[in-house]
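Everything below belongs to target_28.tsv, which stores TSV, C-alpha atoms.
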```
chain	number	residue	atom	x	y	z
A	18	MET	CA	-47.98	-48.22	-10.88
A	19	GLU	CA	-51.01	-45.96	-10.75
A	20	ILE	CA	-51.69	-43.86	-13.81
A	21	ARG	CA	-53.43	-40.57	-13.09
A	22	ILE	CA	-55.27	-38.78	-15.84
A	23	THR	CA	-55.87	-35.14	-15.03
A	24	THR	CA	-58.53	-32.88	-16.52
A	25	ARG	CA	-55.77	-30.91	-18.22
A	26	GLN	CA	-54.53	-34.05	-20.02
A	27	VAL	CA	-58.08	-34.92	-21.12
A	28	LEU	CA	-58.54	-31.37	-22.45
A	29	LYS	CA	-55.22	-31.59	-24.32
A	30	LEU	CA	-56.33	-34.87	-25.91
A	31	LEU	CA	-59.68	-33.33	-26.84
A	32	GLN	CA	-57.87	-30.35	-28.37
A	33	ILE	CA	-55.80	-32.64	-30.60
A	34	LEU	CA	-58.91	-34.62	-31.56
A	35	SER	CA	-60.81	-31.41	-32.34
A	36	TRP	CA	-57.99	-30.25	-34.61
A	37	ILE	CA	-57.99	-33.58	-36.50
A	38	ILE	CA	-61.79	-33.55	-36.89
A	39	PHE	CA	-61.75	-29.86	-37.89
A	40	ILE	CA	-59.15	-30.47	-40.61
A	41	GLY	CA	-61.10	-33.51	-41.83
A	42	LEU	CA	-64.36	-31.54	-41.98
A	43	CYS	CA	-62.65	-28.65	-43.79
A	44	ILE	CA	-61.29	-31.06	-46.41
A	45	GLU	CA	-64.75	-32.65	-46.77
A	46	ALA	CA	-66.56	-29.29	-47.08
A	47	GLY	CA	-63.95	-28.02	-49.53
A	48	ALA	CA	-64.19	-31.20	-51.60
A	49	PHE	CA	-68.02	-30.98	-51.79
A	50	LEU	CA	-67.80	-27.35	-52.88
A	51	PHE	CA	-65.04	-28.04	-55.41
A	52	ASN	CA	-66.83	-31.12	-56.85
A	53	THR	CA	-70.08	-29.16	-57.28
A	54	ILE	CA	-68.33	-26.28	-59.06
A	55	TYR	CA	-66.25	-28.74	-61.12
A	56	THR	CA	-69.38	-30.66	-62.15
A	57	PHE	CA	-71.18	-27.53	-63.31
A	58	ALA	CA	-68.25	-25.67	-64.83
A	59	ILE	CA	-65.99	-28.33	-66.29
A	60	ASN	CA	-67.00	-31.98	-66.33
A	61	PRO	CA	-70.49	-33.41	-65.55
A	62	ILE	CA	-69.02	-36.95	-65.75
A	63	ASN	CA	-67.77	-36.22	-62.20
A	64	THR	CA	-71.29	-36.96	-60.86
A	65	LYS	CA	-70.74	-40.71	-61.38
A	66	SER	CA	-68.31	-40.70	-58.47
A	67	PHE	CA	-69.12	-37.47	-56.71
A	68	TRP	CA	-67.67	-38.31	-53.31
A	69	ASP	CA	-66.54	-41.59	-51.79
A	70	GLY	CA	-68.23	-43.62	-54.53
A	71	ALA	CA	-71.57	-41.79	-54.31
A	72	ASP	CA	-73.25	-41.77	-57.71
A	73	LEU	CA	-75.35	-38.65	-58.27
A	74	SER	CA	-75.45	-38.96	-62.06
A	75	SER	CA	-79.13	-40.00	-62.18
A	76	LEU	CA	-80.06	-36.88	-60.21
A	77	TYR	CA	-77.89	-34.65	-62.40
A	78	ASP	CA	-79.38	-36.16	-65.57
A	79	TYR	CA	-82.91	-35.72	-64.18
A	80	ASP	CA	-82.55	-32.03	-63.35
A	81	LYS	CA	-79.54	-29.80	-62.71
A	82	GLY	CA	-81.56	-27.55	-60.36
A	83	TYR	CA	-82.50	-30.45	-58.08
A	84	PHE	CA	-78.87	-31.59	-58.17
A	85	LEU	CA	-77.77	-28.11	-57.09
A	86	VAL	CA	-80.26	-28.06	-54.18
A	87	ILE	CA	-79.05	-31.46	-52.91
A	88	THR	CA	-75.34	-30.61	-53.25
A	89	GLY	CA	-76.03	-27.16	-51.76
A	90	THR	CA	-77.63	-28.77	-48.70
A	91	ILE	CA	-74.69	-31.18	-48.41
A	92	ILE	CA	-72.25	-28.24	-48.60
A	93	ILE	CA	-74.19	-26.19	-46.01
A	94	VAL	CA	-74.23	-29.11	-43.56
A	95	ALA	CA	-70.51	-29.76	-44.07
A	96	VAL	CA	-69.65	-26.05	-43.63
A	97	LEU	CA	-71.81	-25.82	-40.48
A	98	LYS	CA	-70.06	-28.88	-39.02
A	99	ALA	CA	-66.63	-27.42	-39.86
A	100	THR	CA	-67.60	-24.05	-38.32
A	101	MET	CA	-68.80	-25.82	-35.19
A	102	PHE	CA	-65.44	-27.51	-34.79
A	103	TYR	CA	-63.68	-24.23	-35.63
A	104	LEU	CA	-65.40	-22.74	-32.57
A	105	ILE	CA	-64.16	-25.64	-30.44
A	106	VAL	CA	-60.60	-25.31	-31.78
A	107	LYS	CA	-60.76	-21.52	-31.25
A	108	LEU	CA	-61.91	-22.05	-27.65
A	109	PHE	CA	-58.92	-24.27	-26.94
A	110	ALA	CA	-56.47	-22.04	-28.83
A	111	GLY	CA	-57.68	-18.90	-27.06
A	112	LYS	CA	-57.07	-20.57	-23.68
A	113	ASP	CA	-60.62	-19.66	-22.64
A	114	VAL	CA	-60.97	-22.85	-20.63
A	115	ASP	CA	-59.83	-21.67	-17.19
A	116	LEU	CA	-60.29	-24.42	-14.61
A	117	ALA	CA	-59.86	-21.90	-11.76
A	118	ARG	CA	-62.79	-19.85	-13.11
A	119	PRO	CA	-64.70	-22.38	-15.23
A	120	PHE	CA	-67.84	-20.29	-15.80
A	121	SER	CA	-67.49	-17.28	-18.06
A	122	GLU	CA	-69.50	-15.31	-20.59
A	123	LYS	CA	-67.26	-16.69	-23.36
A	124	ILE	CA	-68.08	-20.30	-22.42
A	125	LYS	CA	-71.79	-19.44	-22.21
A	126	ASN	CA	-71.78	-17.77	-25.64
A	127	PHE	CA	-69.76	-20.68	-27.03
A	128	THR	CA	-72.35	-23.20	-25.78
A	129	ILE	CA	-75.24	-21.14	-27.17
A	130	ALA	CA	-73.42	-20.89	-30.53
A	131	LEU	CA	-72.92	-24.68	-30.57
A	132	SER	CA	-76.62	-25.11	-29.82
A	133	CYS	CA	-77.57	-22.83	-32.74
A	134	PHE	CA	-75.19	-24.64	-35.11
A	135	ALA	CA	-76.59	-28.03	-34.04
A	136	ILE	CA	-80.15	-26.79	-34.74
A	137	GLY	CA	-79.01	-25.53	-38.16
A	138	ILE	CA	-77.35	-28.85	-38.99
A	139	ALA	CA	-80.46	-30.79	-37.85
A	140	PHE	CA	-82.69	-28.56	-39.98
A	141	PHE	CA	-80.61	-28.88	-43.16
A	142	ILE	CA	-80.11	-32.64	-42.73
A	143	GLN	CA	-83.85	-33.15	-42.28
A	144	MET	CA	-84.54	-30.89	-45.26
A	145	GLY	CA	-82.00	-32.74	-47.43
A	146	VAL	CA	-83.34	-36.19	-46.52
A	147	LYS	CA	-86.99	-35.15	-47.09
A	148	TYR	CA	-86.05	-33.52	-50.38
A	149	ALA	CA	-84.18	-36.63	-51.55
A	150	THR	CA	-87.16	-38.84	-50.59
A	151	TRP	CA	-89.47	-36.51	-52.51
A	152	LEU	CA	-87.17	-36.63	-55.55
A	153	ILE	CA	-87.12	-40.45	-55.51
A	154	LYS	CA	-90.93	-40.44	-55.41
A	155	LYS	CA	-90.86	-38.01	-58.31
A	156	GLY	CA	-88.89	-40.44	-60.46
A	157	VAL	CA	-85.15	-40.06	-59.79
A	158	LYS	CA	-83.63	-43.57	-59.76
A	159	THR	CA	-81.38	-43.34	-56.69
A	160	ILE	CA	-79.79	-40.66	-54.53
A	161	ASP	CA	-77.03	-42.15	-52.42
A	162	LEU	CA	-76.68	-39.81	-49.44
A	163	LYS	CA	-74.80	-42.17	-47.09
A	164	PRO	CA	-71.27	-41.01	-48.01
A	165	PHE	CA	-72.29	-37.39	-47.26
A	166	HIS	CA	-73.22	-38.18	-43.64
A	167	LEU	CA	-76.61	-36.56	-44.27
A	168	GLU	CA	-78.37	-38.44	-41.50
A	169	GLY	CA	-79.21	-38.29	-37.80
A	170	ALA	CA	-81.18	-35.03	-37.70
A	171	ASP	CA	-82.85	-36.15	-34.47
A	172	VAL	CA	-79.46	-36.69	-32.83
A	173	TRP	CA	-78.33	-33.18	-33.80
A	174	LEU	CA	-81.58	-31.75	-32.47
A	175	PHE	CA	-81.10	-33.64	-29.21
A	176	MET	CA	-77.54	-32.27	-29.05
A	177	ALA	CA	-78.86	-28.72	-29.61
A	178	VAL	CA	-81.29	-29.10	-26.70
A	179	ILE	CA	-78.51	-30.47	-24.46
A	180	PHE	CA	-76.24	-27.55	-25.38
A	181	PHE	CA	-79.02	-25.06	-24.68
A	182	VAL	CA	-79.68	-26.58	-21.25
A	183	LEU	CA	-75.93	-26.53	-20.57
A	184	ALA	CA	-75.83	-22.83	-21.52
A	185	GLN	CA	-78.55	-22.10	-18.96
A	186	ILE	CA	-76.63	-24.06	-16.29
A	187	ILE	CA	-73.45	-22.12	-17.18
A	188	LYS	CA	-75.43	-18.87	-16.90
A	189	ARG	CA	-76.43	-19.80	-13.34
A	190	GLY	CA	-72.84	-20.94	-12.71
A	191	ILE	CA	-71.56	-17.47	-13.66
A	192	GLU	CA	-73.95	-15.89	-11.14
A	193	ILE	CA	-72.87	-18.26	-8.34
A	194	GLN	CA	-69.19	-17.81	-9.24
A	195	THR	CA	-69.50	-14.01	-9.17
A	196	GLU	CA	-71.34	-14.19	-5.85
A	197	ASN	CA	-68.65	-16.47	-4.45
A	198	GLU	CA	-65.93	-14.10	-5.62
A	199	LEU	CA	-67.69	-11.19	-3.93
A	200	THR	CA	-68.07	-13.02	-0.62
A	201	VAL	CA	-65.60	-11.61	1.86
B	5	MET	CA	-78.48	-2.81	-1.95
B	6	PRO	CA	-80.27	-1.65	1.22
B	7	ILE	CA	-77.44	-2.98	3.42
B	8	VAL	CA	-74.77	-0.30	3.84
B	9	VAL	CA	-71.27	-1.14	5.06
B	10	ASN	CA	-69.92	1.52	7.41
B	11	LEU	CA	-66.46	0.02	7.63
B	12	ASP	CA	-64.74	3.27	6.62
B	13	VAL	CA	-66.60	5.15	9.40
B	14	MET	CA	-65.51	2.66	12.05
B	15	MET	CA	-61.96	2.65	10.71
B	16	ALA	CA	-61.86	6.45	10.93
B	17	ARG	CA	-63.21	6.33	14.52
B	18	ARG	CA	-60.53	3.85	15.54
B	19	LYS	CA	-57.93	5.68	13.43
B	20	MET	CA	-57.00	2.47	11.70
B	21	SER	CA	-55.70	2.22	8.13
B	22	LEU	CA	-56.81	-0.39	5.60
B	23	ASN	CA	-53.35	-1.97	5.64
B	24	GLU	CA	-53.42	-2.28	9.42
B	25	LEU	CA	-56.91	-3.81	9.41
B	26	SER	CA	-55.92	-6.15	6.61
B	27	GLU	CA	-53.05	-7.50	8.73
B	28	LYS	CA	-55.21	-7.82	11.86
B	29	VAL	CA	-58.14	-9.65	10.24
B	30	ASP	CA	-55.96	-11.66	7.86
B	31	LEU	CA	-57.86	-10.53	4.77
B	32	THR	CA	-56.41	-9.34	1.47
B	33	LEU	CA	-56.53	-5.63	0.66
B	34	ALA	CA	-58.59	-6.43	-2.42
B	35	ASN	CA	-61.26	-8.21	-0.36
B	36	LEU	CA	-61.32	-5.48	2.26
B	37	SER	CA	-61.67	-2.92	-0.49
B	38	ILE	CA	-64.66	-4.89	-1.92
B	39	LEU	CA	-66.25	-4.80	1.53
B	40	LYS	CA	-65.46	-1.13	2.11
B	41	THR	CA	-66.83	0.05	-1.23
B	42	GLY	CA	-70.06	-1.92	-0.76
B	43	LYS	CA	-69.47	-4.26	-3.71
B	44	ALA	CA	-69.58	-7.38	-1.52
B	45	LYS	CA	-72.51	-9.74	-2.02
B	46	ALA	CA	-72.01	-11.60	1.27
B	47	VAL	CA	-69.91	-11.49	4.44
B	48	ARG	CA	-68.79	-14.62	6.30
B	49	PHE	CA	-69.46	-14.72	10.05
B	50	SER	CA	-65.77	-15.45	10.59
B	51	THR	CA	-64.81	-12.26	8.69
B	52	LEU	CA	-67.38	-10.22	10.61
B	53	GLU	CA	-66.10	-11.65	13.88
B	54	ALA	CA	-62.49	-10.79	13.00
B	55	ILE	CA	-63.41	-7.24	11.94
B	56	CYS	CA	-65.48	-6.67	15.10
B	57	LYS	CA	-62.58	-7.96	17.21
B	58	ALA	CA	-60.03	-5.77	15.42
B	59	LEU	CA	-62.18	-2.62	15.56
B	60	ASP	CA	-63.67	-3.39	19.00
B	61	CYS	CA	-67.23	-2.88	17.84
B	62	GLN	CA	-70.54	-4.68	17.21
B	63	PRO	CA	-71.74	-6.01	13.80
B	64	GLY	CA	-74.43	-3.31	13.88
B	65	ASP	CA	-71.71	-0.66	13.90
B	66	ILE	CA	-70.42	-1.94	10.57
B	67	LEU	CA	-73.63	-3.01	8.85
B	68	GLU	CA	-76.69	-0.81	8.53
B	69	TYR	CA	-80.07	-1.34	6.86
B	70	VAL	CA	-81.26	1.65	4.85
B	71	ASN	CA	-84.75	1.55	3.34
B	72	LYS	CA	-84.33	3.18	-0.07
B	73	GLU	CA	-88.08	3.25	-0.81
B	74	VAL	CA	-88.63	5.92	1.82
```
Is it possible to express this structure as structure tokens?
Amino acid sequence: MEIRITTRQVLKLLQILSWIIFIGLCIEAGAFLFNTIYTFAINPINTKSFWDGADLSSLYDYDKGYFLVITGTIIIVAVLKATMFYLIVKLFAGKDVDLARPFSEKIKNFTIALSCFAIGIAFFIQMGVKYATWLIKKGVKTIDLKPFHLEGADVWLFMAVIFFVLAQIIKRGIEIQTENELTV
Amino acid sequence: MPIVVNLDVMMARRKMSLNELSEKVDLTLANLSILKTGKAKAVRFSTLEAICKALDCQPGDILEYVNKEV
């Protein structure tokens, strides 16, 4: 028996995946924010197992300001990622993906927004990694950034470029689509 | 656009309504309206042929080039 997978089914699957990733990213961003506030306001011991076994106690003991910059960068990246997936979820929920008229201003703006978010994520990841390297050189014992997914700035930048090129293709697609619709 | 569509003029000469033309050329009223109001970006040869046949005229009777710079 032949199994046919239609574009609609693929989009439905992607919608479900986007929701799962979005919820996961929201939890992660919320946890980073809560842990940072909790560390500063209530219990600094929390830094020993800040997130997923990451020990930031040496950084906190070295300087609270540096700790705040690193956690701030981690929070910004997590929030940007969550917002990016919010846009994807919103696109699916708003039924803006019309296969009969695939090119629209909404899709173009969505792609440009994704491109901007990807650039932002790349910038903050790069900044965070460089800052952590500088801090280690300065004398902080270790800064374990692996559990925070603060890596792959080049990949995000590449993604931003791809999204930007896609936006330009969609822009041309809108023109051709409009022209096609106005051909009698 | 410097190309002007004189479809309404030809229709008036032949005393033909938009509905009647729509049935004869097998085109939707919406598309004919786009053509009549000059919003169309392109016209297929098949459409032009059908319109010319229905209105018993030449393409030049329907389409006209107007130089706006003058």
How close does each residue of chain B get to chain A, giving the shortest atom pair and distance in Å to one decimal for every residue with an atom at most 10 Å away, counting all atoms listed in the file, sorted by chain and residue number, as a Markdown table?
```
| residue | atom | partner | partner_atom | distance |
| --- | --- | --- | --- | --- |
| B:Leu31 | CA | A:Val201 | CA | 8.3 |
| B:Thr32 | CA | A:Val201 | CA | 9.5 |
| B:Ala34 | CA | A:Val201 | CA | 9.7 |
| B:Asn35 | CA | A:Val201 | CA | 5.9 |
| B:Leu36 | CA | A:Val201 | CA | 7.5 |
| B:Ser37 | CA | A:Val201 | CA | 9.8 |
| B:Ile38 | CA | A:Leu199 | CA | 7.3 |
| B:Leu39 | CA | A:Val201 | CA | 6.8 |
| B:Lys43 | CA | A:Leu199 | CA | 7.2 |
| B:Ala44 | CA | A:Leu199 | CA | 4.9 |
| B:Lys45 | CA | A:Leu199 | CA | 5.4 |
| B:Ala46 | CA | A:Thr200 | CA | 4.6 |
| B:Val47 | CA | A:Val201 | CA | 5.0 |
| B:Arg48 | CA | A:Val201 | CA | 6.2 |
| B:Phe49 | CA | A:Val201 | CA | 9.6 |
| B:Ser50 | CA | A:Val201 | CA | 9.5 |
| B:Thr51 | CA | A:Val201 | CA | 6.9 |
| B:Leu52 | CA | A:Val201 | CA | 9.0 |
```
A straight line from atom CA of B:Asn10 to atom CA of B:Leu22 spans 13.4 Å
Counting only C-alpha atoms, which residues come within 10 Å of (-81.6, -28.1, -28.4), with the point read in the file's coordinates, and could you list them as a ChimeraX atom specification? /A:129,131-136,139,172-183
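Put simply, atom CA of A:Ile37 is 13.4 Å away from atom CA of A:Lys107.
In terms of minimum interatomic distance to B:Asp60, B:Arg17 ranks closest within B:Arg17, B:Met5, B:Asp12, B:Ser26, counting only C-alpha atoms.
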For atom CA of A:Lys155 and atom CA of A:Asp80, determine how far apart the two atoms are, in Å to one decimal place. 11.4 Å
With a distance cut-off of 10 Å and only C-alpha atoms, select the neighbouring residues of B:Lys57, excluding the residue or stretch itself and same-chain residues fewer than 6 positions from it, and output the selection as a list of chain:residue names. B:Lys28, B:Val29, B:Thr51, B:Pro63
Pull the neighbourhood of (-80.4, -29.0, -39.7) for me: all residues within 10 Å in file coordinates, counting only C-alpha atoms, as a compact mmCIF listing (two decimals) with C-alpha atoms, in the frame of the given file.
```txt
# COMPACT_ATOMS: atom_id res chain seq x y z
CA THR A 90 -77.63 -28.77 -48.70
CA ILE A 93 -74.19 -26.19 -46.01
CA VAL A 94 -74.23 -29.11 -43.56
CA LEU A 97 -71.81 -25.82 -40.48
CA CYS A 133 -77.57 -22.83 -32.74
CA PHE A 134 -75.19 -24.64 -35.11
CA ALA A 135 -76.59 -28.03 -34.04
CA ILE A 136 -80.15 -26.79 -34.74
CA GLY A 137 -79.01 -25.53 -38.16
CA ILE A 138 -77.35 -28.85 -38.99
CA ALA A 139 -80.46 -30.79 -37.85
CA PHE A 140 -82.69 -28.56 -39.98
CA PHE A 141 -80.61 -28.88 -43.16
CA ILE A 142 -80.11 -32.64 -42.73
CA GLN A 143 -83.85 -33.15 -42.28
CA MET A 144 -84.54 -30.89 -45.26
CA GLY A 145 -82.00 -32.74 -47.43
CA LEU A 167 -76.61 -36.56 -44.27
CA GLU A 168 -78.37 -38.44 -41.50
CA GLY A 169 -79.21 -38.29 -37.80
CA ALA A 170 -81.18 -35.03 -37.70
CA ASP A 171 -82.85 -36.15 -34.47
CA TRP A 173 -78.33 -33.18 -33.80
CA LEU A 174 -81.58 -31.75 -32.47
```
Find the spatial neighbours of A:Phe165, counting only C-alpha atoms, within a cut-off of 8 Å - ignore same-chain residues fewer than 2 positions away - and output them as number ranges by chain. A: 68, 91, 162-163, 167
Missing atoms in stretch 45-60 of chain B should be modelled up to N, CA, C and O atoms and reported as a PDB file, in the frame of the given file.
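The result, written out as out06.pdb:
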```
ATOM      1  N   LYS B  45     -71.165  -9.135  -1.951  1.00  0.00           N
ATOM      2  CA  LYS B  45     -72.510  -9.740  -2.020  1.00  0.00           C
ATOM      3  C   LYS B  45     -72.843 -10.446  -0.713  1.00  0.00           C
ATOM      4  O   LYS B  45     -74.011 -10.642  -0.394  1.00  0.00           O
ATOM      5  N   ALA B  46     -71.799 -10.904   0.001  1.00  0.00           N
ATOM      6  CA  ALA B  46     -72.010 -11.600   1.270  1.00  0.00           C
ATOM      7  C   ALA B  46     -70.791 -11.452   2.157  1.00  0.00           C
ATOM      8  O   ALA B  46     -69.687 -11.228   1.662  1.00  0.00           O
ATOM      9  N   VAL B  47     -71.010 -11.567   3.466  1.00  0.00           N
ATOM     10  CA  VAL B  47     -69.910 -11.490   4.440  1.00  0.00           C
ATOM     11  C   VAL B  47     -69.958 -12.742   5.312  1.00  0.00           C
ATOM     12  O   VAL B  47     -71.027 -13.090   5.822  1.00  0.00           O
ATOM     13  N   ARG B  48     -68.829 -13.428   5.439  1.00  0.00           N
ATOM     14  CA  ARG B  48     -68.790 -14.620   6.300  1.00  0.00           C
ATOM     15  C   ARG B  48     -68.820 -14.181   7.764  1.00  0.00           C
ATOM     16  O   ARG B  48     -68.276 -13.116   8.108  1.00  0.00           O
ATOM     17  N   PHE B  49     -69.426 -15.026   8.615  1.00  0.00           N
ATOM     18  CA  PHE B  49     -69.460 -14.720  10.050  1.00  0.00           C
ATOM     19  C   PHE B  49     -68.047 -14.604  10.611  1.00  0.00           C
ATOM     20  O   PHE B  49     -67.776 -13.771  11.472  1.00  0.00           O
ATOM     21  N   SER B  50     -67.150 -15.465  10.096  1.00  0.00           N
ATOM     22  CA  SER B  50     -65.770 -15.450  10.590  1.00  0.00           C
ATOM     23  C   SER B  50     -65.092 -14.110  10.272  1.00  0.00           C
ATOM     24  O   SER B  50     -64.346 -13.567  11.096  1.00  0.00           O
ATOM     25  N   THR B  51     -65.380 -13.565   9.081  1.00  0.00           N
ATOM     26  CA  THR B  51     -64.810 -12.260   8.690  1.00  0.00           C
ATOM     27  C   THR B  51     -65.377 -11.160   9.577  1.00  0.00           C
ATOM     28  O   THR B  51     -64.636 -10.300  10.068  1.00  0.00           O
ATOM     29  N   LEU B  52     -66.704 -11.235   9.785  1.00  0.00           N
ATOM     30  CA  LEU B  52     -67.380 -10.220  10.610  1.00  0.00           C
ATOM     31  C   LEU B  52     -66.831 -10.254  12.038  1.00  0.00           C
ATOM     32  O   LEU B  52     -66.565  -9.205  12.644  1.00  0.00           O
ATOM     33  N   GLU B  53     -66.633 -11.470  12.528  1.00  0.00           N
ATOM     34  CA  GLU B  53     -66.100 -11.650  13.880  1.00  0.00           C
ATOM     35  C   GLU B  53     -64.698 -11.033  13.987  1.00  0.00           C
ATOM     36  O   GLU B  53     -64.410 -10.281  14.936  1.00  0.00           O
ATOM     37  N   ALA B  54     -63.864 -11.304  12.984  1.00  0.00           N
ATOM     38  CA  ALA B  54     -62.490 -10.790  13.000  1.00  0.00           C
ATOM     39  C   ALA B  54     -62.471  -9.259  12.933  1.00  0.00           C
ATOM     40  O   ALA B  54     -61.687  -8.605  13.636  1.00  0.00           O
ATOM     41  N   ILE B  55     -63.352  -8.702  12.089  1.00  0.00           N
ATOM     42  CA  ILE B  55     -63.410  -7.240  11.940  1.00  0.00           C
ATOM     43  C   ILE B  55     -63.887  -6.594  13.257  1.00  0.00           C
ATOM     44  O   ILE B  55     -63.320  -5.598  13.727  1.00  0.00           O
ATOM     45  N   CYS B  56     -64.944  -7.196  13.836  1.00  0.00           N
ATOM     46  CA  CYS B  56     -65.480  -6.670  15.100  1.00  0.00           C
ATOM     47  C   CYS B  56     -64.423  -6.713  16.194  1.00  0.00           C
ATOM     48  O   CYS B  56     -64.296  -5.780  17.001  1.00  0.00           O
ATOM     49  N   LYS B  57     -63.629  -7.795  16.204  1.00  0.00           N
ATOM     50  CA  LYS B  57     -62.580  -7.960  17.210  1.00  0.00           C
ATOM     51  C   LYS B  57     -61.489  -6.892  17.004  1.00  0.00           C
ATOM     52  O   LYS B  57     -61.047  -6.252  17.958  1.00  0.00           O
ATOM     53  N   ALA B  58     -61.110  -6.717  15.726  1.00  0.00           N
ATOM     54  CA  ALA B  58     -60.030  -5.770  15.420  1.00  0.00           C
ATOM     55  C   ALA B  58     -60.452  -4.323  15.683  1.00  0.00           C
ATOM     56  O   ALA B  58     -59.643  -3.504  16.131  1.00  0.00           O
ATOM     57  N   LEU B  59     -61.710  -4.010  15.406  1.00  0.00           N
ATOM     58  CA  LEU B  59     -62.180  -2.620  15.560  1.00  0.00           C
ATOM     59  C   LEU B  59     -62.885  -2.387  16.909  1.00  0.00           C
ATOM     60  O   LEU B  59     -63.332  -1.267  17.174  1.00  0.00           O
ATOM     61  N   ASP B  60     -62.997  -3.440  17.690  1.00  0.00           N
ATOM     62  CA  ASP B  60     -63.670  -3.390  19.000  1.00  0.00           C
ATOM     63  C   ASP B  60     -65.053  -2.753  18.874  1.00  0.00           C
ATOM     64  O   ASP B  60     -65.323  -1.688  19.454  1.00  0.00           O
TER      65      ASP B  60
END
```
